[in-house]
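A.B. asks: Next up, work.txt (compact mmCIF, C-alpha atoms and all ligand atoms).
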# COMPACT_ATOMS: atom_id res chain seq x y z
CA MET A 1 0.00 0.00 0.00
CA SER A 2 1.35 3.45 -0.90
CA ASP A 3 1.66 6.30 1.65
CA LYS A 4 -1.04 8.12 -0.26
CA ASP A 5 -3.47 5.18 -0.03
CA SER A 6 -2.90 4.67 3.69
CA GLY A 7 -3.38 8.44 4.26
CA LEU A 8 -6.74 8.31 2.49
CA GLU A 9 -7.80 5.27 4.50
CA LYS A 10 -6.95 7.01 7.79
CA GLN A 11 -8.83 10.11 6.70
CA SER A 12 -11.98 8.18 5.75
CA ALA A 13 -11.83 6.21 9.02
CA LEU A 14 -11.73 9.53 10.84
CA VAL A 15 -14.68 10.89 8.88
CA SER A 16 -16.71 7.76 9.54
CA LEU A 17 -15.87 7.91 13.27
CA LYS A 18 -16.99 11.52 13.43
CA ALA A 19 -20.13 10.65 11.51
CA GLN A 20 -21.12 7.87 13.88
CA PRO A 21 -23.42 9.82 16.26
CA ALA A 22 -25.12 11.44 13.29
CA VAL A 23 -25.50 8.09 11.55
CA ARG A 24 -27.01 6.59 14.68
CA ARG A 25 -29.43 9.50 14.91
CA ILE A 26 -30.42 9.05 11.26
CA LEU A 27 -31.02 5.36 11.83
CA ASP A 28 -32.99 6.02 15.02
CA ALA A 29 -35.23 8.64 13.35
CA ASN A 30 -35.90 6.53 10.27
CA LEU A 31 -36.63 3.37 12.23
CA ASP A 32 -39.32 5.38 14.04
CA ARG A 33 -40.59 6.91 10.82
CA ALA A 34 -40.94 3.55 9.05
CA ARG A 35 -42.66 1.95 12.05
CA GLU A 36 -45.12 4.81 12.44
CA GLY A 37 -46.02 4.65 8.74
CA LEU A 38 -46.50 0.89 8.97
CA ARG A 39 -48.75 1.29 11.98
CA ILE A 40 -50.99 3.64 10.03
CA ILE A 41 -51.25 1.17 7.14
CA GLU A 42 -51.81 -1.70 9.57
CA GLU A 43 -54.78 0.04 11.20
CA TRP A 44 -56.50 0.34 7.82
CA CYS A 45 -55.78 -3.30 6.94
CA ARG A 46 -57.17 -4.39 10.29
CA PHE A 47 -60.18 -2.16 10.86
CA GLY A 48 -60.95 -0.95 7.33
CA LEU A 49 -60.28 -3.97 5.16
CA GLU A 50 -60.57 -6.50 7.99
CA SER A 51 -57.74 -8.42 6.34
CA GLN A 52 -55.85 -10.51 8.81
CA SER A 53 -53.12 -11.45 6.36
CA LEU A 54 -52.33 -7.86 5.35
CA ALA A 55 -52.45 -6.63 8.97
CA SER A 56 -50.16 -9.44 10.03
CA GLU A 57 -47.60 -8.61 7.31
CA CYS A 58 -47.53 -5.00 8.59
CA LYS A 59 -47.05 -6.25 12.12
CA GLN A 60 -44.20 -8.56 11.14
CA LEU A 61 -42.46 -5.72 9.32
CA ARG A 62 -42.87 -3.47 12.37
CA GLN A 63 -41.44 -6.17 14.61
CA GLU A 64 -38.49 -6.66 12.32
CA LEU A 65 -37.79 -2.93 12.38
CA GLY A 66 -38.11 -3.01 16.16
CA SER A 67 -35.48 -5.73 16.40
CA TRP A 68 -32.96 -3.35 14.76
CA HIS A 69 -33.83 -0.50 17.09
CA SER A 70 -31.14 -1.14 19.72
CA PRO A 71 -30.63 0.89 22.93
CA GLU A 72 -27.45 2.26 21.31
CA LEU A 73 -29.47 3.77 18.44
CA ARG A 74 -32.21 5.06 20.75
CA SER A 75 -29.65 6.74 23.01
CA ALA A 76 -28.32 8.74 20.03
CA ARG A 77 -31.62 10.66 19.87
CA ASN A 78 -31.29 14.42 20.26
CA THR A 79 -34.78 15.82 19.75
CA SER A 80 -34.10 19.27 21.17
CA GLY A 81 -31.09 19.73 18.86
CA ASP A 82 -32.85 18.38 15.77
CA PRO A 83 -33.70 21.26 13.37
CA GLY A 84 -36.05 18.91 11.46
CA THR A 85 -38.70 18.71 14.19
CA SER A 86 -39.96 22.22 13.52
CA LEU A 87 -40.05 21.78 9.73
CA THR A 88 -43.40 20.69 8.35
CA HIS A 89 -44.33 20.55 4.72
CA GLU A 90 -47.68 21.92 3.57
CA GLN A 91 -48.51 18.54 2.02
CA GLU A 92 -48.13 16.86 5.42
CA GLU A 93 -51.09 18.89 6.65
CA GLU A 94 -53.27 18.06 3.66
CA ARG A 95 -55.07 14.73 3.49
CA ASP A 96 -58.29 14.83 1.50
CA ASN A 97 -59.24 11.21 1.73
CA LEU A 98 -58.21 7.73 2.71
CA ALA A 99 -56.24 7.10 -0.48
CA ASP A 100 -54.14 10.19 0.29
CA VAL A 101 -53.41 8.90 3.79
CA LEU A 102 -52.35 5.48 2.50
CA THR A 103 -50.27 6.86 -0.38
CA ALA A 104 -48.50 9.39 1.84
CA ASN A 105 -47.65 6.73 4.39
CA PHE A 106 -46.40 4.21 1.87
CA CYS A 107 -44.11 6.94 0.50
CA ARG A 108 -42.94 7.70 4.01
CA ILE A 109 -42.16 4.05 4.79
CA GLU A 110 -40.39 3.47 1.48
CA GLU A 111 -38.28 6.60 1.86
CA ALA A 112 -37.36 5.74 5.43
CA LEU A 113 -36.34 2.21 4.40
CA ARG A 114 -34.18 3.61 1.61
CA VAL A 115 -32.41 5.87 4.12
CA LEU A 116 -32.00 2.94 6.52
CA GLU A 117 -30.57 0.83 3.72
CA GLU A 118 -27.95 3.42 2.72
CA TYR A 119 -26.83 4.61 6.19
CA GLY A 120 -27.30 1.14 7.66
CA LYS A 121 -24.48 -0.14 5.46
CA ILE A 122 -22.03 2.08 7.38
CA TYR A 123 -23.31 0.97 10.75
CA ASN A 124 -23.76 -2.75 10.28
CA ARG A 125 -23.12 -4.81 7.15
CA GLN A 126 -26.35 -6.82 7.43
CA MET A 127 -28.51 -3.75 7.84
CA GLY A 128 -28.26 -2.67 4.21
CA ALA A 129 -29.40 -6.04 2.87
CA SER A 130 -32.16 -6.41 5.46
CA PHE A 131 -33.72 -3.03 4.78
CA LYS A 132 -33.49 -3.56 1.05
CA GLN A 133 -35.45 -6.78 1.42
CA MET A 134 -37.97 -5.03 3.66
CA ARG A 135 -38.42 -2.28 1.09
CA TYR A 136 -39.41 -4.87 -1.51
CA ARG A 137 -41.83 -6.43 0.95
CA VAL A 138 -43.42 -3.01 1.41
CA TYR A 139 -43.79 -2.60 -2.37
CA GLN A 140 -45.52 -5.99 -2.45
CA LEU A 141 -47.72 -4.98 0.45
CA GLU A 142 -48.74 -1.82 -1.38
CA SER A 143 -49.56 -3.76 -4.50
CA ALA A 144 -51.48 -6.43 -2.53
CA LEU A 145 -53.45 -3.73 -0.73
CA LEU A 146 -54.41 -2.17 -4.04
CA ALA A 147 -55.44 -5.57 -5.38
CA TYR A 148 -57.47 -6.27 -2.25
CA GLU A 149 -59.28 -2.97 -2.63
CA ARG A 150 -59.97 -3.75 -6.29
CA GLN A 151 -61.49 -7.10 -5.37
CA GLN A 152 -63.61 -5.45 -2.67
CA LEU A 153 -64.89 -2.86 -5.14
CA LEU A 154 -65.61 -5.60 -7.66
CA LYS A 155 -67.60 -7.59 -5.09
CA GLN A 156 -69.58 -4.53 -4.11
CA ALA A 157 -70.38 -3.51 -7.69
CA ARG A 158 -73.97 -4.31 -8.72
CA LEU A 159 -74.03 -2.44 -11.99
CA TYR A 160 -71.47 -2.61 -14.77
CA LEU A 161 -71.48 -0.12 -17.61
CA VAL A 162 -69.97 -1.42 -20.85
CA THR A 163 -69.50 1.54 -23.19
CA SER A 164 -70.39 1.83 -26.85
CA PRO A 165 -68.65 4.27 -29.21
CA SER A 166 -70.25 7.70 -29.09
CA GLU A 167 -69.19 11.32 -29.40
CA ASN A 168 -70.47 11.84 -25.86
CA ILE A 169 -68.89 8.82 -24.29
CA TYR A 170 -66.96 10.82 -21.71
CA ALA A 171 -70.03 12.79 -20.62
CA ILE A 172 -72.16 9.64 -20.51
CA VAL A 173 -69.68 7.81 -18.31
CA GLU A 174 -69.35 10.82 -16.02
CA ALA A 175 -73.13 11.13 -15.73
CA ALA A 176 -73.38 7.45 -14.77
CA LEU A 177 -70.57 7.82 -12.24
CA GLN A 178 -72.50 10.72 -10.73
CA GLY A 179 -75.42 8.34 -10.36
CA GLY A 180 -73.26 6.02 -8.23
CA LEU A 181 -71.77 3.65 -10.85
CA THR A 182 -68.55 1.97 -9.66
CA LEU A 183 -67.57 -0.32 -12.54
CA VAL A 184 -66.91 0.69 -16.16
CA GLN A 185 -65.66 -1.25 -19.18
CA TYR A 186 -64.31 0.64 -22.16
CA ARG A 187 -65.49 -1.26 -25.25
CA ASP A 188 -64.77 0.27 -28.62
CA LYS A 189 -64.58 -1.91 -31.70
CA ASP A 190 -64.55 0.97 -34.19
CA SER A 191 -61.80 3.49 -33.39
CA ASN A 192 -58.13 3.34 -34.33
CA ASP A 193 -55.57 2.54 -31.66
CA CYS A 194 -54.44 6.14 -31.16
CA ASP A 195 -57.98 7.28 -30.41
CA ARG A 196 -58.64 4.23 -28.27
CA LEU A 197 -55.51 4.87 -26.21
CA ARG A 198 -56.37 8.54 -25.72
CA MET A 199 -59.95 7.79 -24.70
CA ALA A 200 -58.89 4.93 -22.43
CA GLN A 201 -56.48 7.27 -20.63
CA LYS A 202 -59.18 9.89 -20.13
CA LEU A 203 -61.79 7.43 -18.96
CA CYS A 204 -59.37 5.67 -16.64
CA ARG A 205 -58.55 8.98 -14.93
CA LEU A 206 -62.22 9.87 -14.74
CA CYS A 207 -63.21 6.54 -13.19
CA HIS A 208 -60.41 6.71 -10.65
CA ASP A 209 -61.44 10.24 -9.69
CA TYR A 210 -64.82 8.74 -8.81
CA LYS A 211 -63.19 5.74 -7.08
CA ALA A 212 -64.68 3.45 -9.72
CA LEU A 213 -62.95 0.49 -11.37
CA PHE A 214 -61.91 0.82 -14.98
CA ILE A 215 -61.68 -2.28 -17.19
CA ILE A 216 -60.68 -2.51 -20.85
CA ASN A 217 -62.45 -4.78 -23.28
CA ASP A 218 -60.29 -7.27 -25.23
CA ARG A 219 -56.96 -5.41 -25.08
CA VAL A 220 -54.36 -6.39 -22.49
CA ASP A 221 -51.83 -3.99 -24.04
CA LEU A 222 -54.13 -1.00 -23.58
CA ALA A 223 -55.00 -2.08 -20.05
CA LEU A 224 -51.28 -2.10 -19.21
CA ALA A 225 -50.61 1.17 -21.02
CA VAL A 226 -53.23 3.15 -19.12
CA GLU A 227 -52.86 1.27 -15.83
CA ALA A 228 -56.45 0.10 -15.95
CA ASP A 229 -57.80 -2.09 -13.16
CA GLY A 230 -58.16 -5.01 -15.51
CA VAL A 231 -59.32 -6.49 -18.77
CA HIS A 232 -62.42 -8.26 -20.05
CA LEU A 233 -61.85 -11.26 -22.32
CA GLY A 234 -64.32 -13.12 -24.47
CA GLN A 235 -64.01 -16.70 -25.67
CA GLN A 236 -62.24 -15.53 -28.83
CA ASP A 237 -59.81 -13.19 -27.08
CA VAL A 238 -56.29 -13.99 -25.79
CA PRO A 239 -56.09 -16.91 -23.32
CA LEU A 240 -56.72 -15.92 -19.73
CA ALA A 241 -53.43 -17.46 -18.59
CA LEU A 242 -51.49 -15.24 -20.98
CA ALA A 243 -53.38 -12.15 -19.83
CA ARG A 244 -52.63 -13.09 -16.22
CA GLU A 245 -48.95 -13.49 -17.04
CA LEU A 246 -48.86 -10.06 -18.65
CA LEU A 247 -51.02 -8.24 -16.11
CA GLY A 248 -49.71 -9.96 -12.98
CA PRO A 249 -51.69 -11.27 -10.03
CA HIS A 250 -53.16 -7.97 -8.85
CA ARG A 251 -55.37 -6.90 -11.74
CA ILE A 252 -58.90 -8.00 -12.51
CA ILE A 253 -59.62 -10.37 -15.39
CA GLY A 254 -63.19 -10.98 -16.50
CA ARG A 255 -64.41 -13.65 -18.93
CA SER A 256 -67.56 -13.87 -21.05
CA THR A 257 -69.56 -17.08 -20.71
CA THR A 258 -72.63 -18.31 -22.56
CA ASN A 259 -73.09 -21.76 -21.08
CA SER A 260 -72.20 -24.02 -18.15
CA GLU A 261 -69.00 -25.40 -19.75
CA GLU A 262 -67.62 -21.92 -20.35
CA LEU A 263 -68.52 -20.94 -16.81
CA GLN A 264 -66.72 -23.94 -15.33
CA ARG A 265 -63.67 -23.31 -17.53
CA ALA A 266 -63.56 -19.63 -16.53
CA LEU A 267 -63.47 -20.71 -12.87
CA LEU A 268 -60.61 -23.14 -13.52
CA GLU A 269 -58.72 -20.48 -15.47
CA GLY A 270 -58.89 -18.14 -12.50
CA ALA A 271 -61.24 -15.43 -13.79
CA ASP A 272 -62.09 -12.79 -11.19
CA TYR A 273 -65.63 -12.36 -12.53
CA ILE A 274 -67.72 -13.56 -15.42
CA GLY A 275 -70.23 -12.11 -17.85
CA VAL A 276 -73.34 -14.32 -18.15
CA GLY A 277 -75.28 -13.92 -21.36
CA PRO A 278 -76.54 -12.62 -23.63
CA VAL A 279 -79.64 -13.09 -21.54
CA TYR A 280 -81.85 -11.60 -24.26
CA GLN A 281 -81.39 -10.89 -27.95
CA THR A 282 -79.50 -7.62 -28.39
CA PRO A 283 -78.44 -5.47 -31.35
CA THR A 284 -75.23 -4.68 -29.48
CA LYS A 285 -74.18 -8.28 -30.12
CA ALA A 286 -76.18 -8.94 -33.24
CA GLY A 287 -76.41 -12.56 -34.35
CA LYS A 288 -75.46 -13.97 -30.97
CA THR A 289 -78.00 -16.54 -29.72
CA PRO A 290 -79.31 -15.60 -26.29
CA ALA A 291 -78.41 -17.90 -23.43
CA GLY A 292 -81.70 -17.05 -21.70
CA LEU A 293 -82.83 -17.02 -18.10
CA ASP A 294 -82.06 -20.72 -17.63
CA TYR A 295 -78.39 -19.92 -17.86
CA VAL A 296 -78.86 -17.03 -15.40
CA ARG A 297 -80.37 -19.54 -12.96
CA TYR A 298 -77.45 -21.91 -13.56
CA ALA A 299 -74.94 -19.11 -12.80
CA ALA A 300 -76.88 -18.17 -9.65
CA GLU A 301 -76.51 -21.74 -8.41
CA ASN A 302 -72.96 -22.41 -9.55
CA SER A 303 -70.78 -19.33 -9.65
CA PRO A 304 -68.72 -18.71 -6.54
CA ILE A 305 -67.24 -15.57 -8.11
CA PRO A 306 -69.01 -12.30 -8.98
CA TRP A 307 -71.02 -12.62 -12.20
CA PHE A 308 -72.91 -10.07 -14.26
CA ALA A 309 -75.99 -10.90 -16.31
CA ILE A 310 -75.61 -9.11 -19.65
CA GLY A 311 -77.43 -8.72 -22.95
CA GLY A 312 -80.68 -6.88 -23.65
CA ILE A 313 -81.19 -5.82 -20.04
CA ASP A 314 -83.11 -2.60 -19.46
CA MET A 315 -85.39 -1.04 -16.88
CA SER A 316 -88.38 -3.03 -18.11
CA ASN A 317 -86.89 -6.50 -17.67
CA LEU A 318 -84.44 -5.89 -14.82
CA ASN A 319 -86.70 -7.44 -12.20
CA GLU A 320 -87.17 -10.56 -14.32
CA VAL A 321 -83.38 -11.03 -14.43
CA ILE A 322 -83.17 -10.41 -10.68
CA SER A 323 -85.89 -13.02 -10.17
CA GLY A 324 -83.76 -15.44 -12.16
CA GLY A 325 -81.10 -15.02 -9.45
CA ALA A 326 -78.94 -12.18 -10.80
CA GLU A 327 -77.52 -9.79 -8.25
CA ARG A 328 -75.33 -7.91 -10.71
CA VAL A 329 -76.02 -6.75 -14.24
CA ALA A 330 -74.01 -5.25 -17.09
CA VAL A 331 -75.58 -2.95 -19.64
CA VAL A 332 -74.61 -1.05 -22.79
CA ARG A 333 -77.64 0.64 -24.38
CA ALA A 334 -79.70 1.06 -21.23
CA ILE A 335 -77.24 3.71 -20.06
CA CYS A 336 -75.35 4.78 -23.20
CA ASP A 337 -78.57 5.50 -25.13
CA ALA A 338 -80.43 6.99 -22.17
CA GLU A 339 -81.51 10.61 -22.19
CA GLN A 340 -80.62 10.85 -18.52
CA PRO A 341 -77.81 8.38 -17.74
CA THR A 342 -77.58 9.55 -14.12
CA LEU A 343 -81.23 8.81 -13.43
CA VAL A 344 -81.13 5.45 -15.19
CA THR A 345 -78.03 4.48 -13.22
CA GLN A 346 -79.76 5.47 -10.00
CA TYR A 347 -82.81 3.41 -10.93
CA PHE A 348 -80.71 0.30 -11.69
CA LEU A 349 -78.75 0.69 -8.48
CA SER A 350 -81.83 1.25 -6.36
CA GLN A 351 -83.33 -2.00 -7.67
CA LEU A 352 -80.12 -3.97 -7.37
CA ASN A 353 -79.31 -2.66 -3.91
CA ARG A 354 -82.68 -3.91 -2.66
CA ILE A 355 -81.64 -7.46 -3.41
CA ASP A 356 -80.12 -8.39 -0.06
CA THR A 357 -83.18 -7.22 1.82
CA LEU A 358 -85.48 -8.86 -0.67
CA ARG A 359 -83.63 -12.16 -0.68
CA ALA A 360 -83.80 -12.29 3.11
CA TYR A 361 -87.54 -11.55 2.92
CA GLN A 362 -87.95 -14.15 0.18
CA GLN A 363 -86.21 -16.77 2.28
CA ARG A 364 -88.30 -16.03 5.38
CA HIS A 365 -91.46 -15.97 3.29
CA SER A 366 -90.73 -19.23 1.52
CA GLN A 367 -89.94 -20.87 4.85
CA SER A 368 -93.30 -19.88 6.27
CA HIS A 369 -95.40 -20.31 3.07
CA GLY A 370 -93.44 -22.84 1.12
CA ARG A 371 -93.04 -20.51 -1.95
CA SER A 372 -92.38 -16.90 -3.03
CA ASN A 373 -91.71 -14.79 -6.04
CA TYR A 374 -91.64 -11.43 -4.35
CA LEU A 375 -88.70 -10.20 -6.41
CA ALA A 376 -90.69 -10.30 -9.64
CA THR A 377 -93.09 -7.61 -8.46
C1 LIG B 1 -69.29 -8.03 -18.69
C2 LIG B 1 -69.14 -8.49 -20.09
N1 LIG B 1 -69.62 -9.68 -20.43
C3 LIG B 1 -69.50 -10.11 -21.70
C4 LIG B 1 -68.84 -9.32 -22.65
C5 LIG B 1 -68.64 -9.80 -24.06
O1 LIG B 1 -67.28 -10.02 -24.36
P1 LIG B 1 -66.88 -10.73 -25.73
O2 LIG B 1 -67.59 -12.02 -25.77
O3 LIG B 1 -65.43 -10.75 -25.87
O4 LIG B 1 -67.49 -9.78 -26.80
P2 LIG B 1 -67.03 -8.28 -27.10
O5 LIG B 1 -67.52 -7.43 -25.99
O6 LIG B 1 -65.55 -8.24 -27.19
O7 LIG B 1 -67.72 -7.95 -28.37
C6 LIG B 1 -68.36 -8.08 -22.24
N2 LIG B 1 -67.72 -7.28 -23.09
N3 LIG B 1 -68.50 -7.68 -20.96
C1 LIG B 2 -71.04 -7.07 -25.04
C2 LIG B 2 -72.11 -8.08 -24.84
N1 LIG B 2 -71.79 -9.34 -24.54
C3 LIG B 2 -72.86 -10.12 -24.38
S1 LIG B 2 -74.27 -9.27 -24.65
C4 LIG B 2 -73.43 -7.85 -24.93
C5 LIG B 2 -74.04 -6.56 -25.27
C6 LIG B 2 -75.03 -6.05 -24.29
O1 LIG B 2 -75.50 -4.84 -24.76
P1 LIG B 2 -76.93 -4.27 -24.40
O2 LIG B 2 -76.92 -4.00 -22.95
O3 LIG B 2 -77.00 -3.02 -25.22
O4 LIG B 2 -77.96 -5.27 -24.83
MG MG B 3 -64.01 -9.57 -26.64
Please render this file's structure as structure tokens.

C.D. replies:
Amino acid sequence: MSDKDSGLEKQSALVSLKAQPAVRRILDANLDRAREGLRIIEEWCRFGLESQSLASECKQLRQELGSWHSPELRSARNTSGDPGTSLTHEQEEERDNLADVLTANFCRIEEALRVLEEYGKIYNRQMGASFKQMRYRVYQLESALLAYERQQLLKQARLYLVTSPSENIYAIVEAALQGGLTLVQYRDKDSNDCDRLRMAQKLCRLCHDYKALFIINDRVDLALAVEADGVHLGQQDVPLALARELLGPHRIIGRSTTNSEELQRALLEGADYIGVGPVYQTPTKAGKTPAGLDYVRYAAENSPIPWFAIGGIDMSNLNEVISGGAERVAVVRAICDAEQPTLVTQYFLSQLNRIDTLRAYQQRHSQSHGRSNYLAT
């Protein structure tokens, strides 16, 4: 080793020695920061989503952070001399909704873990690798939480708007969202890809502003490009397994089914929901033989996943479809061709949201009278 090299080594050893109290303080502050952020996420997983697995992952991460928080690091704390305690950012004060709270805290955790990873390397060799691994677990947690919320929204959705090409498509979708719609599929067989991409981007943003799910018909590439919540695939579209591979485990994939075999196959393939129909003849899918109410009844008995009756459904026959066992419906013309899409959406939702109460009534009634068709009225 040359004199110059050994001089440099001594100098850097000196710098690192001097830096030690500061490094310990950085580690102490960021261990606290990451744990606090995780606690906030954990509370939502536990009380909001009631998901034991997500809450338990947060807890494990907190415990792992705690195991690094040694008395030596805690004793480095110097709150009164820390200029950062009096600095608050305007954005810290602003939280408009739950999504803001979760996003802000995920950012906080991920930032803190990055700091722990970098400074931890100086303090203890294993720290860097451990915090790096934890950071990836937090990314996965964030993605799983998003997926969980998507599935919850999907389960809660009673009405599904499938769009048809129109000059007013944006206004129609917005009007329906104002009526309480929470699930939209962008279906456009006519436009070129540039126009489709532009419209998909706009509609995706719009739906997310209203906290509604946005699905793209047929096109996995567009769904990825606009960060849609998922894709809807028919029997002639790309295989579900390929779509899953491309979209990953956290996005929604829906599959059209017209009969019992297709329904059973969709379940095996891992569809998140299915379309059941066409129930009635419809010009939107001209030439397609209706599957009828018998198939609706079959789906009611056999589908463990959310399913949407589709095809020719409007305000006049909605109760017939509900009587056949449907709890969710998908429509194109009933909303897209309506003069007042908001009012029509509200009507559909009011009928569909009565179902739980009506089914309970139906069950009680049939137990005491041996029969009932209350829902058809
Ligand atoms: C909810 C829902 N169900 C069924 C379909 C029909 O899909 P597909 O059979 O692929 O026909 P196209 O819509 O692509 O013409 C759907 N789009 N949505
Ligand atoms: C896309 C689709 N898939 C089965 S039926 C159908 C169209 C339903 O359209 P409408 O609600 O206008 O009858
Ligand atoms: Mg299709």

A.B. asks: Per residue of region 228-344 of chain A within 10 Å of region 147-166 of chain A, note the shortest atom pair and the distance in Å to one decimal, counting all atoms listed in the file, and order the rows by chain and increasing residue number, as CSV.

C.D. replies:
residue,atom,partner,partner_atom,distance
A:Asp229,CA,A:Arg150,CA,7.4
A:Gly230,CA,A:Arg150,CA,9.5
A:Pro249,CA,A:Ala147,CA,8.3
A:His250,CA,A:Ala147,CA,4.8
A:Arg251,CA,A:Ala147,CA,6.5
A:Ile252,CA,A:Arg150,CA,7.6
A:Asp272,CA,A:Gln151,CA,8.2
A:Tyr273,CA,A:Leu154,CA,8.3
A:Thr284,CA,A:Ser164,CA,8.5
A:Ile305,CA,A:Lys155,CA,8.5
A:Pro306,CA,A:Lys155,CA,6.3
A:Trp307,CA,A:Lys155,CA,9.4
A:Phe308,CA,A:Tyr160,CA,7.6
A:Ala309,CA,A:Tyr160,CA,9.6
A:Ile310,CA,A:Tyr160,CA,9.1
A:Ala326,CA,A:Arg158,CA,9.5
A:Glu327,CA,A:Arg158,CA,6.5
A:Arg328,CA,A:Arg158,CA,4.3
A:Val329,CA,A:Leu159,CA,5.3
A:Ala330,CA,A:Tyr160,CA,4.3
A:Val331,CA,A:Leu161,CA,5.4
A:Val332,CA,A:Val162,CA,5.0
A:Arg333,CA,A:Ser164,CA,7.8
A:Ala334,CA,A:Leu161,CA,9.1
A:Ile335,CA,A:Leu161,CA,7.3
A:Cys336,CA,A:Thr163,CA,6.7
A:Asp337,CA,A:Ser164,CA,9.1

A.B. asks: Measuring atom to atom with all atoms listed in the file, identify which of A:Lys189, A:Arg137, A:Arg46, A:Arg297 is nearest to Ser260 (chain A).

C.D. replies: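 Going through A:Lys189, A:Arg137, A:Arg46, A:Arg297 one by one, the smallest distance to Ser260 (chain A) is for A:Arg297.
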
A.B. asks: Can you tell me which residues sit at most 8 Å away from ligand LIG 1 (chain B), counting all atoms listed in the file, written as a PyMOL selection string?

C.D. replies: chain A and resi 160+162+185+187+189+217-218+232-237+254-257+274-278+285+308-310+330

A.B. asks: Please, what distance in Å, to one decimal, runs between CA of Val238 (chain A) and CA of Gln281 (chain A)?

C.D. replies: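 CA of Gln281 (chain A) lies 25.4 Å from CA of Val238 (chain A).
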
A.B. asks: Quick one: pull the distance between CA of Asn317 (chain A) and CA of Gly179 (chain A), Å, one decimal.

C.D. replies: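 These two atoms are separated by 20.1 Å.
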
A.B. asks: Which of these, A:Arg33, A:Arg125, A:His69, A:Arg39, has the shortest distance to Leu113 (chain A) once you count all atoms listed in the file?

C.D. replies: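 Counting all atoms listed in the file, the residue closest to Leu113 (chain A) is A:Arg33.
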
A.B. asks: Excluding Gln52 (chain A) and residues on its chain fewer than 6 positions from it, collect all residues at most 12 Å away from it, counting all atoms listed in the file, and give them as a VMD selection string.

C.D. replies: chain A and resid 42 to 46 58 to 59 145 148

A.B. asks: Write out as an NGL selection string the residues lying within 12 Å of Val138 (chain A), counting only C-alpha atoms and excluding same-chain residues fewer than 2 positions away.

C.D. replies: :A and (34-35 or 37-38 or 41-42 or 54 or 57-62 or 105-114 or 131-136 or 140-145)

A.B. asks: Env of Gly180 (chain A): 8 Å cut, atoms = all atoms listed in the file, seq-sep filter 5 positions within chain, self excluded. Answer as a list in words.

C.D. replies: Thr345, Gln346 and Leu349 of chain A

A.B. asks: Would you please work out which residue, of A:Leu31, A:Ala266, A:Val226, A:Ala300, is nearest to His208 (chain A) when using only C-alpha atoms?

C.D. replies: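 Nearest candidate to His208 (chain A) out of A:Leu31, A:Ala266, A:Val226, A:Ala300: A:Val226.
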
A.B. asks: Using only C-alpha atoms, which residue out of A:Thr258, A:Gln178, A:Asn124, A:Thr282 lies closest to Thr342 (chain A)?

C.D. replies: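 Once distances to Thr342 (chain A) are computed over only C-alpha atoms, the minimum belongs to A:Gln178.
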
A.B. asks: What is the distance between CA of Tyr186 (chain A) and atom MG of ligand MG 3 (chain B), in Å to one decimal?

C.D. replies: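 Distance between the two atoms: 11.2 Å.
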
A.B. asks: Quick one: of A:Thr289, A:Ser366, A:Asn319, A:Ser303, who's nearest to ligand LIG 2 (chain B), counting all atoms listed in the file?

C.D. replies: A:Thr289

A.B. asks: Looking at only C-alpha atoms, which of A:Pro341, A:Ile313, A:Gly270, A:Glu227 is the one that sits closest to Leu242 (chain A)?

C.D. replies: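 Going through A:Pro341, A:Ile313, A:Gly270, A:Glu227 one by one, the smallest distance to Leu242 (chain A) is for A:Gly270.
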
A.B. asks: Place a sphere of radius 10 Å on (-82.9, -16.4, -23.1) in the file coordinates and name every protein, DNA or RNA residue with an atom inside or on its surface, counting all atoms listed in the file; give the answer as a PyMOL selection string.

C.D. replies: chain A and resi 277-281+289-296+311-312

A.B. asks: Do you know which residues are at most 8 Å from Ala212 (chain A) counting all atoms listed in the file, after dropping those on the same chain fewer than 3 positions away, and could you put them as a list in words?

C.D. replies: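 Contacts, in chain order: Leu153, Leu177, Leu181, Thr182, Leu183, Val184, Cys207, His208 and Asp209 of chain A.
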
A.B. asks: How would the residues just chosen look if you wrote them out with C-alpha atoms as a compact mmCIF listing (two decimals), keeping the file's coordinate frame?

C.D. replies:
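Generated output (again_15.txt):
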# COMPACT_ATOMS: atom_id res chain seq x y z
CA LEU A 153 -64.89 -2.86 -5.14
CA LEU A 177 -70.57 7.82 -12.24
CA LEU A 181 -71.77 3.65 -10.85
CA THR A 182 -68.55 1.97 -9.66
CA LEU A 183 -67.57 -0.32 -12.54
CA VAL A 184 -66.91 0.69 -16.16
CA CYS A 207 -63.21 6.54 -13.19
CA HIS A 208 -60.41 6.71 -10.65
CA ASP A 209 -61.44 10.24 -9.69
